[in-house]
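*Asks:* Sending over model29.cif (mmCIF, C-alpha atoms).
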```
data_coords
loop_
_atom_site.label_atom_id
_atom_site.label_comp_id
_atom_site.auth_asym_id
_atom_site.auth_seq_id
_atom_site.Cartn_x
_atom_site.Cartn_y
_atom_site.Cartn_z
CA MET F 1 -21.47 19.26 21.94
CA SER F 2 -23.80 17.42 24.23
CA HIS F 3 -23.01 13.79 23.45
CA ARG F 4 -19.43 13.68 22.21
CA ARG F 5 -19.97 10.08 21.15
CA VAL F 6 -18.44 8.40 18.13
CA ALA F 7 -19.00 4.95 16.67
CA PHE F 8 -16.12 2.79 15.44
CA VAL F 9 -17.12 -0.31 13.46
CA TYR F 10 -14.22 -2.77 13.27
CA ALA F 11 -14.86 -5.55 10.75
CA PRO F 12 -11.56 -6.40 9.02
CA ALA F 13 -10.64 -9.11 6.53
CA PRO F 14 -12.13 -12.55 7.31
CA PRO F 15 -11.98 -14.31 9.57
CA ALA F 16 -12.14 -11.62 12.24
CA ASP F 17 -10.10 -13.56 14.82
CA THR F 18 -6.99 -13.53 12.59
CA ALA F 19 -7.03 -9.73 12.32
CA ARG F 20 -7.91 -8.80 15.86
CA LEU F 21 -7.95 -5.18 16.94
CA GLU F 22 -5.03 -5.80 19.29
CA THR F 23 -2.81 -6.57 16.26
CA MET F 24 -3.65 -3.40 14.33
CA PRO F 25 -1.95 -0.23 15.65
CA PHE F 26 -3.43 1.58 12.63
CA ALA F 27 -6.88 1.35 14.28
CA ILE F 28 -5.72 1.43 17.90
CA ASN F 29 -3.96 4.78 17.43
CA VAL F 30 -7.06 6.45 15.99
CA ILE F 31 -9.30 5.15 18.80
CA THR F 32 -6.74 6.23 21.41
CA ARG F 33 -6.57 9.71 19.92
CA LEU F 34 -10.34 10.05 19.96
CA ALA F 35 -10.50 8.98 23.62
CA ALA F 36 -7.69 11.38 24.55
CA ALA F 37 -9.66 14.19 22.91
CA GLY F 38 -12.54 13.54 25.30
CA TRP F 39 -14.80 11.44 23.08
CA LYS F 40 -16.79 8.43 24.21
CA VAL F 41 -16.07 5.71 21.67
CA ASP F 42 -18.35 2.74 21.03
CA VAL F 43 -16.31 0.04 19.26
CA PHE F 44 -18.30 -2.65 17.45
CA LEU F 45 -16.34 -5.92 17.14
CA TRP F 46 -16.93 -9.38 15.64
CA GLU F 47 -14.00 -11.12 17.33
CA ARG F 48 -14.04 -13.42 20.34
CA PRO F 49 -13.57 -11.46 23.61
CA VAL F 50 -10.15 -12.83 24.49
CA VAL F 51 -8.08 -9.74 25.27
CA ASP F 52 -9.05 -7.30 28.01
CA TYR F 53 -9.02 -4.16 25.91
CA HIS F 54 -9.50 -2.01 28.99
CA GLU F 55 -5.83 -2.63 29.70
CA ILE F 56 -5.11 -0.84 26.40
CA PHE F 57 -7.87 1.79 26.27
CA PRO F 58 -9.42 4.13 28.86
CA THR F 59 -12.90 3.46 30.25
CA THR F 60 -14.44 5.96 27.83
CA VAL F 61 -13.94 3.33 25.10
CA ARG F 62 -16.77 0.79 25.24
CA PHE F 63 -16.73 -2.51 23.35
CA ARG F 64 -19.83 -4.02 21.82
CA TYR F 65 -19.23 -7.60 20.71
CA GLU F 66 -21.57 -8.40 17.84
CA VAL F 67 -22.74 -11.98 17.33
CA THR F 68 -23.16 -13.09 13.74
CA PRO F 69 -22.43 -16.58 12.31
CA LYS F 70 -19.19 -16.40 10.32
CA ARG F 71 -20.62 -18.41 7.44
CA LEU F 72 -23.26 -15.70 6.96
CA PHE F 73 -20.96 -12.83 7.76
CA TYR F 74 -18.16 -13.69 5.35
CA SER F 75 -19.54 -16.28 2.90
CA THR F 76 -19.44 -15.17 -0.72
CA ARG F 77 -22.30 -17.53 -1.62
CA PRO F 78 -24.83 -17.67 1.22
CA ALA F 79 -28.22 -19.33 0.75
CA ASN F 80 -29.77 -15.90 0.37
CA PRO F 81 -27.08 -13.42 -0.76
CA ARG F 82 -29.25 -10.40 0.05
CA LEU F 83 -30.49 -11.49 3.42
CA HIS F 84 -27.52 -10.77 5.63
CA PRO F 85 -26.64 -7.27 4.37
CA ILE F 86 -30.30 -6.36 4.88
CA GLN F 87 -30.27 -7.75 8.42
CA LEU F 88 -27.12 -5.86 9.33
CA THR F 89 -28.41 -2.67 7.74
CA ALA F 90 -31.61 -2.87 9.78
CA ARG F 91 -29.62 -3.51 12.96
CA PHE F 92 -27.24 -0.60 12.47
CA MET F 93 -29.81 1.91 11.25
CA GLY F 94 -30.87 2.00 14.89
CA ARG F 95 -27.42 3.17 16.00
CA THR F 96 -28.13 6.88 16.31
CA ASN F 97 -27.04 9.90 18.36
CA TYR F 98 -23.41 9.69 17.22
CA GLU F 99 -21.51 12.81 16.17
CA CYS F 100 -19.09 10.93 13.94
CA ALA F 101 -18.86 7.39 12.57
CA PHE F 102 -15.72 5.41 11.74
CA GLY F 103 -15.54 2.15 9.81
CA LEU F 104 -12.73 -0.31 9.04
CA GLY F 105 -12.90 -3.22 6.59
CA GLN F 106 -15.33 -3.78 3.73
CA ILE F 107 -18.23 -4.58 6.04
CA GLY F 108 -17.10 -2.10 8.67
CA SER F 109 -16.96 0.69 6.09
CA TYR F 110 -20.51 -0.01 4.96
CA LEU F 111 -21.91 -0.25 8.48
CA GLY F 112 -20.04 2.90 9.48
CA ALA F 113 -21.77 4.62 6.57
CA VAL F 114 -25.15 3.27 7.76
CA ILE F 115 -24.55 4.77 11.22
CA SER F 116 -23.43 8.02 9.59
CA LEU F 117 -26.66 8.12 7.62
CA ALA F 118 -28.81 7.29 10.66
CA SER F 119 -27.07 9.83 12.90
CA ARG F 120 -26.64 12.42 10.14
CA CYS F 121 -23.01 12.78 11.07
CA PRO F 122 -19.62 12.82 9.29
CA LEU F 123 -18.07 9.55 8.12
CA VAL F 124 -14.42 8.50 8.37
CA LEU F 125 -13.19 5.26 6.81
CA LEU F 126 -9.99 3.38 7.60
CA ASN F 127 -8.76 1.25 4.70
CA ASP F 128 -6.01 -1.33 5.19
CA GLU F 129 -7.00 -3.75 2.39
CA PHE F 130 -7.65 -3.00 -1.28
CA PRO F 131 -11.10 -4.15 -2.47
CA SER F 132 -9.42 -6.43 -5.03
CA TYR F 133 -7.92 -8.45 -2.16
CA PHE F 134 -11.37 -9.95 -1.50
CA GLY F 135 -12.09 -10.93 -5.09
CA ARG F 136 -15.74 -10.84 -6.10
CA SER F 137 -17.08 -9.84 -2.71
CA ARG F 138 -20.76 -9.02 -2.32
CA TRP F 139 -19.67 -6.21 -0.01
CA ALA F 140 -17.47 -4.46 -2.63
CA PRO F 141 -20.22 -2.25 -4.12
CA LEU F 142 -21.38 -1.35 -0.60
CA GLU F 143 -17.82 -0.36 0.31
CA ARG F 144 -17.59 1.83 -2.80
CA TRP F 145 -20.88 3.46 -1.85
CA ALA F 146 -19.52 4.17 1.64
CA ALA F 147 -16.26 5.56 0.23
CA LYS F 148 -18.15 8.05 -1.94
CA ARG F 149 -20.01 9.27 1.17
CA ALA F 150 -16.89 9.46 3.36
CA ASN F 151 -15.58 12.82 4.47
CA VAL F 152 -12.12 11.35 5.10
CA ILE F 153 -10.41 8.08 4.22
CA ILE F 154 -7.49 7.11 6.44
CA VAL F 155 -4.74 4.87 5.03
CA PRO F 156 -1.73 3.27 6.78
CA SER F 157 0.63 4.25 3.94
CA ALA F 158 0.46 7.17 1.53
CA ASP F 159 1.79 4.89 -1.23
CA ARG F 160 -1.60 3.19 -1.30
CA ILE F 161 -3.68 6.30 -2.07
CA PRO F 162 -3.59 6.46 -5.92
CA HIS F 163 -4.42 2.78 -6.41
CA LEU F 164 -7.04 2.79 -3.65
CA ALA F 165 -8.79 5.79 -5.19
CA LYS F 166 -8.88 3.91 -8.49
CA GLU F 167 -10.31 0.71 -6.99
CA LEU F 168 -12.93 2.62 -5.01
CA GLU F 169 -13.86 4.49 -8.21
CA LEU F 170 -13.27 7.86 -6.58
CA SER F 171 -13.05 10.15 -9.58
CA ASP F 172 -13.20 13.17 -7.28
CA GLN F 173 -9.52 13.79 -6.59
CA THR F 174 -10.40 16.34 -3.90
CA LYS F 175 -11.41 13.44 -1.66
CA ARG F 176 -9.45 13.88 1.52
CA PHE F 177 -7.02 11.08 2.34
CA VAL F 178 -5.03 11.09 5.58
CA GLU F 179 -2.06 8.84 6.33
CA PHE F 180 -2.11 7.24 9.80
CA ARG F 181 0.76 4.76 9.77
CA ASN F 182 0.49 1.27 11.23
CA THR F 183 2.99 2.16 13.94
CA PRO F 184 2.70 0.42 17.33
CA LYS F 185 3.20 2.29 20.57
CA VAL F 186 6.58 1.25 21.95
CA SER F 187 7.68 2.65 25.30
CA HIS F 188 11.41 2.77 25.97
CA PRO F 189 13.29 1.41 27.82
CA LEU F 190 12.00 -2.01 26.85
CA GLU F 191 11.81 -4.96 29.20
CA LYS F 192 14.99 -7.01 29.02
CA ARG F 193 14.87 -10.81 29.04
CA ASP F 194 17.36 -13.45 28.09
CA TRP F 195 15.49 -14.66 25.02
CA HIS F 196 18.42 -16.82 23.96
CA GLN F 197 17.97 -18.92 27.09
CA LEU F 198 14.16 -18.81 27.03
CA LEU F 199 14.06 -20.06 23.44
CA GLY F 200 16.95 -22.52 23.75
CA ILE F 201 19.18 -20.63 21.32
CA PRO F 202 22.96 -20.66 21.94
CA CYS F 203 24.07 -17.34 23.41
CA ASP F 204 26.76 -16.81 20.76
CA LYS F 205 24.23 -16.73 17.92
CA ARG F 206 22.71 -13.66 16.27
CA ILE F 207 18.92 -13.97 15.95
CA PHE F 208 17.06 -12.84 12.84
CA LEU F 209 13.31 -12.81 13.40
CA ASN F 210 10.43 -13.50 11.05
CA ALA F 211 7.34 -12.57 13.08
CA GLY F 212 3.66 -12.38 12.24
CA THR F 213 1.83 -14.38 9.60
CA LEU F 214 3.87 -17.20 8.08
CA GLY F 215 3.16 -18.35 4.54
CA GLU F 216 3.98 -18.26 0.85
CA ARG F 217 3.05 -14.60 0.42
CA PHE F 218 5.53 -13.65 3.14
CA GLN F 219 8.42 -15.57 1.55
CA THR F 220 8.73 -18.05 4.42
CA PRO F 221 10.06 -20.83 2.12
CA GLU F 222 12.59 -18.46 0.53
CA ILE F 223 13.88 -17.34 3.93
CA LEU F 224 14.20 -20.94 5.12
CA SER F 225 15.99 -21.98 1.93
CA SER F 226 18.58 -19.24 2.39
CA THR F 227 19.61 -20.21 5.95
CA VAL F 228 22.23 -22.74 4.82
CA TYR F 229 24.18 -19.84 3.28
CA TRP F 230 23.97 -17.53 6.29
CA PRO F 231 27.01 -16.59 8.37
CA SER F 232 27.72 -19.37 10.87
CA ASP F 233 26.78 -17.21 13.87
CA ALA F 234 23.28 -16.32 12.56
CA VAL F 235 20.03 -18.23 13.20
CA LEU F 236 16.42 -17.81 12.08
CA LEU F 237 13.55 -17.49 14.56
CA LEU F 238 10.02 -17.96 13.22
CA HIS F 239 7.34 -16.57 15.53
CA SER F 240 3.57 -16.51 15.00
CA ARG F 241 0.41 -16.20 17.08
CA THR F 242 -1.43 -18.96 15.19
CA PRO F 243 0.01 -22.29 16.46
CA GLU F 244 -2.80 -24.35 14.87
CA HIS F 245 -1.85 -23.14 11.41
CA ASP F 246 1.89 -23.19 12.05
CA HIS F 247 1.96 -26.83 13.12
CA ASP F 248 0.73 -27.99 9.72
CA TYR F 249 2.75 -25.42 7.83
CA ARG F 250 5.92 -26.33 9.70
CA GLN F 251 5.40 -29.95 8.70
CA GLN F 252 4.99 -28.95 5.05
CA LEU F 253 8.29 -27.08 5.19
CA SER F 254 10.17 -29.76 7.15
CA HIS F 255 12.37 -30.48 4.11
CA LEU F 256 13.77 -26.94 4.47
CA HIS F 257 14.61 -27.25 8.15
CA VAL F 258 18.26 -26.86 9.08
CA PRO F 259 19.10 -28.24 12.59
CA ASP F 260 20.55 -25.67 15.00
CA ARG F 261 19.94 -22.93 12.41
CA VAL F 262 16.13 -22.62 12.48
CA PHE F 263 13.95 -22.17 15.59
CA TRP F 264 10.14 -21.96 15.83
CA THR F 265 7.91 -20.43 18.50
CA SER F 266 4.22 -19.63 18.70
CA ALA F 267 4.13 -18.59 22.35
CA SER F 268 1.42 -16.09 23.18
CA LEU F 269 3.19 -12.84 24.02
CA SER F 270 1.82 -9.55 25.31
CA ASP F 271 2.75 -6.43 23.39
CA LYS F 272 5.44 -5.62 25.94
CA LEU F 273 7.01 -9.06 25.69
CA LEU F 274 6.79 -9.07 21.89
CA ASN F 275 8.56 -5.71 21.80
CA SER F 276 11.19 -7.09 24.16
CA LEU F 277 11.77 -10.07 21.85
CA VAL F 278 11.98 -7.91 18.73
CA ALA F 279 14.46 -5.55 20.37
CA HIS F 280 16.57 -8.51 21.50
CA CYS F 281 16.98 -9.77 17.93
CA ASN F 282 19.64 -8.53 15.52
CA GLY F 283 17.28 -8.08 12.60
CA SER F 284 13.75 -8.76 11.34
CA PHE F 285 12.30 -9.85 8.02
CA ALA F 286 9.62 -7.93 6.13
CA LEU F 287 9.58 -9.84 2.86
CA TYR F 288 6.54 -10.11 0.61
CA ARG F 289 5.72 -11.67 -2.73
CA ASP F 290 4.06 -9.50 -5.35
CA ALA F 291 0.68 -11.16 -4.81
CA GLY F 292 -1.27 -8.13 -5.94
CA PRO F 293 -1.47 -4.43 -5.01
CA ASN F 294 -2.13 -5.20 -1.35
CA PHE F 295 1.47 -6.41 -1.07
CA LEU F 296 3.11 -4.30 -3.78
CA PHE F 297 1.97 -1.10 -2.05
CA VAL F 298 2.47 -2.39 1.50
CA GLY F 299 4.70 0.53 2.59
CA THR F 300 4.28 1.67 6.19
CA SER F 301 1.22 -0.55 6.61
CA SER F 302 3.63 -3.44 7.30
CA GLY F 303 3.10 -4.11 10.99
CA LYS F 304 6.12 -6.38 11.38
CA LEU F 305 8.37 -3.80 9.76
CA MET F 306 7.12 -0.81 11.74
CA ARG F 307 7.25 -2.69 15.05
CA SER F 308 10.81 -3.81 14.40
CA VAL F 309 12.06 -0.32 13.62
CA MET F 310 10.19 1.19 16.60
CA CYS F 311 12.02 -1.34 18.80
CA GLY F 312 15.38 -0.30 17.34
CA THR F 313 15.87 -3.44 15.24
CA PRO F 314 16.77 -3.08 11.53
CA VAL F 315 14.88 -4.96 8.83
CA ILE F 316 15.52 -6.97 5.69
CA ALA F 317 12.73 -5.88 3.37
CA SER F 318 11.48 -6.49 -0.16
CA SER F 319 12.67 -4.29 -3.02
CA PHE F 320 9.22 -2.78 -3.63
CA ASP F 321 9.15 0.96 -4.27
CA SER F 322 6.67 1.35 -1.41
CA LEU F 323 9.43 0.10 0.94
CA ARG F 324 12.15 2.34 -0.46
CA PHE F 325 12.12 4.35 2.78
CA VAL F 326 13.94 1.39 4.39
CA SER F 327 17.04 2.09 2.27
CA LYS F 328 16.56 5.86 2.23
CA GLU F 329 16.37 6.07 6.03
CA SER F 330 19.13 3.43 6.52
CA ILE F 331 16.88 1.42 8.82
CA GLY F 332 17.59 -1.83 7.00
CA VAL F 333 18.45 -3.49 3.71
CA GLN F 334 16.20 -4.20 0.72
CA VAL F 335 16.72 -7.41 -1.26
CA CYS F 336 15.53 -8.38 -4.73
CA HIS F 337 16.26 -12.12 -4.51
CA PRO F 338 16.58 -14.70 -1.70
CA SER F 339 20.22 -15.18 -2.71
CA GLU F 340 20.86 -11.65 -1.38
CA ILE F 341 19.66 -12.48 2.14
CA PRO F 342 23.01 -13.84 3.45
CA ALA F 343 24.83 -10.67 2.35
CA ALA F 344 22.10 -8.53 3.91
CA ILE F 345 22.54 -10.36 7.21
CA GLN F 346 26.28 -9.85 7.03
CA LYS F 347 25.74 -6.13 6.35
CA LEU F 348 23.41 -5.68 9.33
CA ALA F 349 25.70 -7.67 11.62
CA GLY F 350 28.73 -5.63 10.61
CA ASN F 351 27.02 -2.28 11.21
CA GLU F 352 24.61 -3.14 14.02
CA ARG F 353 25.13 -0.05 16.18
CA ALA F 354 24.70 2.37 13.26
CA TYR F 355 21.53 0.64 12.07
CA ARG F 356 20.02 0.57 15.57
CA GLU F 357 20.72 4.29 16.01
CA LYS F 358 19.03 5.03 12.68
CA CYS F 359 16.02 2.95 13.72
CA LEU F 360 15.62 4.74 17.04
CA SER F 361 15.95 8.11 15.32
CA PHE F 362 13.26 7.07 12.85
CA ALA F 363 11.08 5.92 15.78
CA THR F 364 11.36 9.35 17.43
CA ARG F 365 10.19 11.02 14.23
CA GLU F 366 7.29 8.56 13.96
CA VAL F 367 5.85 9.92 17.22
CA MET F 368 5.81 13.40 15.69
CA ARG F 369 4.32 12.05 12.45
CA GLU F 370 1.37 10.60 14.33
CA GLN F 371 0.66 13.99 15.87
CA GLN F 372 0.76 15.50 12.39
CA SER F 373 -1.63 12.81 11.15
CA TRP F 374 -4.07 13.59 13.93
CA GLU F 375 -3.92 17.30 13.13
CA ALA F 376 -4.51 16.51 9.45
CA LEU F 377 -7.61 14.50 10.37
CA VAL F 378 -8.90 17.32 12.58
CA THR F 379 -8.32 19.85 9.78
CA ALA F 380 -10.03 17.65 7.17
CA LEU F 381 -13.18 17.55 9.33
CA THR F 382 -13.07 21.15 10.55
CA ASP F 383 -16.19 22.26 8.65
CA LYS F 384 -18.12 19.18 9.84
CA ILE F 385 -17.03 18.54 13.41
CA ASP F 386 -14.33 19.55 15.88
CA LEU F 387 -12.50 16.40 17.08
CA ARG F 388 -10.32 18.31 19.50
CA LYS F 389 -10.87 18.48 23.22
#
```
Could you write out this structure as structure tokens?
*Replies:*
Amino acid sequence: MSHRRVAFVYAPAPPADTARLETMPFAINVITRLAAAGWKVDVFLWERPVVDYHEIFPTTVRFRYEVTPKRLFYSTRPANPRLHPIQLTARFMGRTNYECAFGLGQIGSYLGAVISLASRCPLVLLNDEFPSYFGRSRWAPLERWAAKRANVIIVPSADRIPHLAKELELSDQTKRFVEFRNTPKVSHPLEKRDWHQLLGIPCDKRIFLNAGTLGERFQTPEILSSTVYWPSDAVLLLHSRTPEHDHDYRQQLSHLHVPDRVFWTSASLSDKLLNSLVAHCNGSFALYRDAGPNFLFVGTSSGKLMRSVMCGTPVIASSFDSLRFVSKESIGVQVCHPSEIPAAIQKLAGNERAYREKCLSFATREVMREQQSWEALVTALTDKIDLRK
């Protein structure tokens, strides 16, 4: 191969800055694998250039920050509903000389397919959101068109495959799906810091963390309501990367605040520091409301859950079937109702060492699973392209 260049179009759920590449191991791991295999990767992004991605990726990964007004990019009712897709199509039809194209997100999938068409190369899609999540999106039919052209569709949890195939109208059941879990890279030993002191939490308290997006769909009110029934030595820490949103949301939930039992932080933390914080805590929450298939089939696409386990910290998760591996692998406790949270905390606290050992064992197997996922992707594309070095 003369070029060994691949295109990776990253255009996730709107707005782009709330689903930045840095927060999605699902995509990072695929890009990293491609670079390690000797490919030059052009990553097309619509987020603000805040993070220095060259600290995460090698120099063979190049970032192309696209500039498009958000109101045109994501609006469901623009002044001319056909104008913007046509403009983007024209722009990306000129992206040629690639040997494989990857696309993530509804818009990313379509533009990846456009590059695939222009370069006459294989197409791989990464799907982390069901089409129904976006409602009546003007990009939905374009995503379905891209999915029908795709050689491989990568998902962050195998539990999502049957429903995704249905929503994408893929009647051909031979379509190749590959699971690439949303598992962050966590290098042990982790950096140790006295997070109790840094966050102003008494040192004799056990910390149970709810990290990531805060909101109704993530059972934040239910968790807060349960804190008055927790064991006296347990406290709740709410951590998010969106302080602007959290300030208003915290005010809305002020009636649920319990002094000396609930702590909030929105400090900007690097991946290493976030992993250090997660590992320091005694447990993490991965609770979701059944707000549609995107949540019901969350499975191993749950970033907060997978990060917690990879750091050796057990989880309290929803009772969804897609999360049944939490109970099966003994890496945490599943709950059906908020009233069960206090008992779950007591169970984790009383068997902390055993749960942490199970989590670290699971984390070791996850490293091997990623290698298997990569090999499955290579095999699925064998007759089209050789992704290996």
*Asks:* In Å, with one decimal, what is the gap from CA of His280 (chain F) to CA of Ile28 (chain F)?
*Replies:* 24.7 Å
*Asks:* Go through the shown structure with the PyMOL selection byres ((chain F and resi 57-62) around 6) and write out the matching residues as a ChimeraX atom specification.
*Replies:* /F:40-42,54-56,63
*Asks:* To verify the selection step, state as a list in words which residues the PyMOL selection byres ((chain F and resi 176) around 12) yields on this input.
*Replies:*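 Written out, the selection comes to Leu123, Val124, Leu125, Ala147, Lys148, Arg149, Ala150, Asn151, Val152, Ile153, Ile154, Val155, Ala158, Ile161, Ala165, Leu170, Asp172, Gln173, Thr174, Lys175, Phe177, Val178, Glu179, Ala376, Leu377, Val378, Thr379, Ala380 and Leu381 of chain F.
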*Asks:* Give as a PyMOL selection string the residues that the PyMOL selection byres ((chain F and resi 180) around 10) matches when applied to the coordinates above.
*Replies:* chain F and resi 25-27+29-30+126+154-158+177-179+181-183+300-301+369-374+376-377
*Asks:* What would the file look like if the residues just selected were written as a PDB file, keeping the file's coordinate frame with C-alpha atoms?
*Replies:*
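Output (again38.pdb):
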```
ATOM      1  CA  PRO F  25      -1.950  -0.230  15.650  1.00  0.00           C
ATOM      2  CA  PHE F  26      -3.430   1.580  12.630  1.00  0.00           C
ATOM      3  CA  ALA F  27      -6.880   1.350  14.280  1.00  0.00           C
ATOM      4  CA  ASN F  29      -3.960   4.780  17.430  1.00  0.00           C
ATOM      5  CA  VAL F  30      -7.060   6.450  15.990  1.00  0.00           C
ATOM      6  CA  LEU F 126      -9.990   3.380   7.600  1.00  0.00           C
ATOM      7  CA  ILE F 154      -7.490   7.110   6.440  1.00  0.00           C
ATOM      8  CA  VAL F 155      -4.740   4.870   5.030  1.00  0.00           C
ATOM      9  CA  PRO F 156      -1.730   3.270   6.780  1.00  0.00           C
ATOM     10  CA  SER F 157       0.630   4.250   3.940  1.00  0.00           C
ATOM     11  CA  ALA F 158       0.460   7.170   1.530  1.00  0.00           C
ATOM     12  CA  PHE F 177      -7.020  11.080   2.340  1.00  0.00           C
ATOM     13  CA  VAL F 178      -5.030  11.090   5.580  1.00  0.00           C
ATOM     14  CA  GLU F 179      -2.060   8.840   6.330  1.00  0.00           C
ATOM     15  CA  ARG F 181       0.760   4.760   9.770  1.00  0.00           C
ATOM     16  CA  ASN F 182       0.490   1.270  11.230  1.00  0.00           C
ATOM     17  CA  THR F 183       2.990   2.160  13.940  1.00  0.00           C
ATOM     18  CA  THR F 300       4.280   1.670   6.190  1.00  0.00           C
ATOM     19  CA  SER F 301       1.220  -0.550   6.610  1.00  0.00           C
ATOM     20  CA  ARG F 369       4.320  12.050  12.450  1.00  0.00           C
ATOM     21  CA  GLU F 370       1.370  10.600  14.330  1.00  0.00           C
ATOM     22  CA  GLN F 371       0.660  13.990  15.870  1.00  0.00           C
ATOM     23  CA  GLN F 372       0.760  15.500  12.390  1.00  0.00           C
ATOM     24  CA  SER F 373      -1.630  12.810  11.150  1.00  0.00           C
ATOM     25  CA  TRP F 374      -4.070  13.590  13.930  1.00  0.00           C
ATOM     26  CA  ALA F 376      -4.510  16.510   9.450  1.00  0.00           C
ATOM     27  CA  LEU F 377      -7.610  14.500  10.370  1.00  0.00           C
TER      28      LEU F 377
END
```
*Asks:* Quick one, how far is CA of Lys192 (chain F) from CA of Ser232 (chain F)?
*Replies:* 25.4 Å
*Asks:* To one decimal in Å, tell me the separation between CA of Gln87 (chain F) and CA of Arg48 (chain F).
*Replies:*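 That distance, rounded to one decimal, is 20.9 Å.
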*Asks:* As a ChimeraX atom specification, please: the residues near region 287-290 of chain F (cut-off 7 Å, all atoms listed in the file, same-chain neighbours under 4 positions excluded).
*Replies:* /F:217-219,295-296,317-318
*Asks:* Counting all atoms listed in the file, find residues at most 12 Å from (-32.2, -0.9, 12.4) (file frame) and give them as an MDAnalysis selection string.
*Replies:* chainID F and resid 85:96 111 114:115 117:119
*Asks:* Identify which of the residues F:Leu164, F:Ala349, F:Ala354, F:Ala344 lies closest to Val298 (chain F), counting only C-alpha atoms when measuring atom-to-atom distances.
*Replies:* F:Leu164
*Asks:* Show me as number ranges by chain the residues that reach within 8 Å of (-20.4, 10.7, 16.6), counting all atoms listed in the file and using the file's own coordinates.
*Replies:* F: 3-7, 97-101, 119, 121-122
*Asks:* Tell me which of F:Tyr110, F:Pro342, F:Ala234, F:Ala19 sits closest to Thr213 (chain F), counting all atoms listed in the file.
*Replies:*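 Closest candidate: F:Ala19.
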*Asks:* Calculated over all atoms listed in the file, which of the candidates F:Leu360, F:Leu348, F:Ile107, F:Leu224 has the smallest distance to Glu143 (chain F)?
*Replies:* F:Ile107
*Asks:* Would you mind telling me which residue in F:Phe102, F:His239, F:Glu375, F:Ala286 lies nearest to Gln334 (chain F) when using only C-alpha atoms?
*Replies:*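 Of the candidates, the smallest distance to Gln334 (chain F) is held by F:Ala286.
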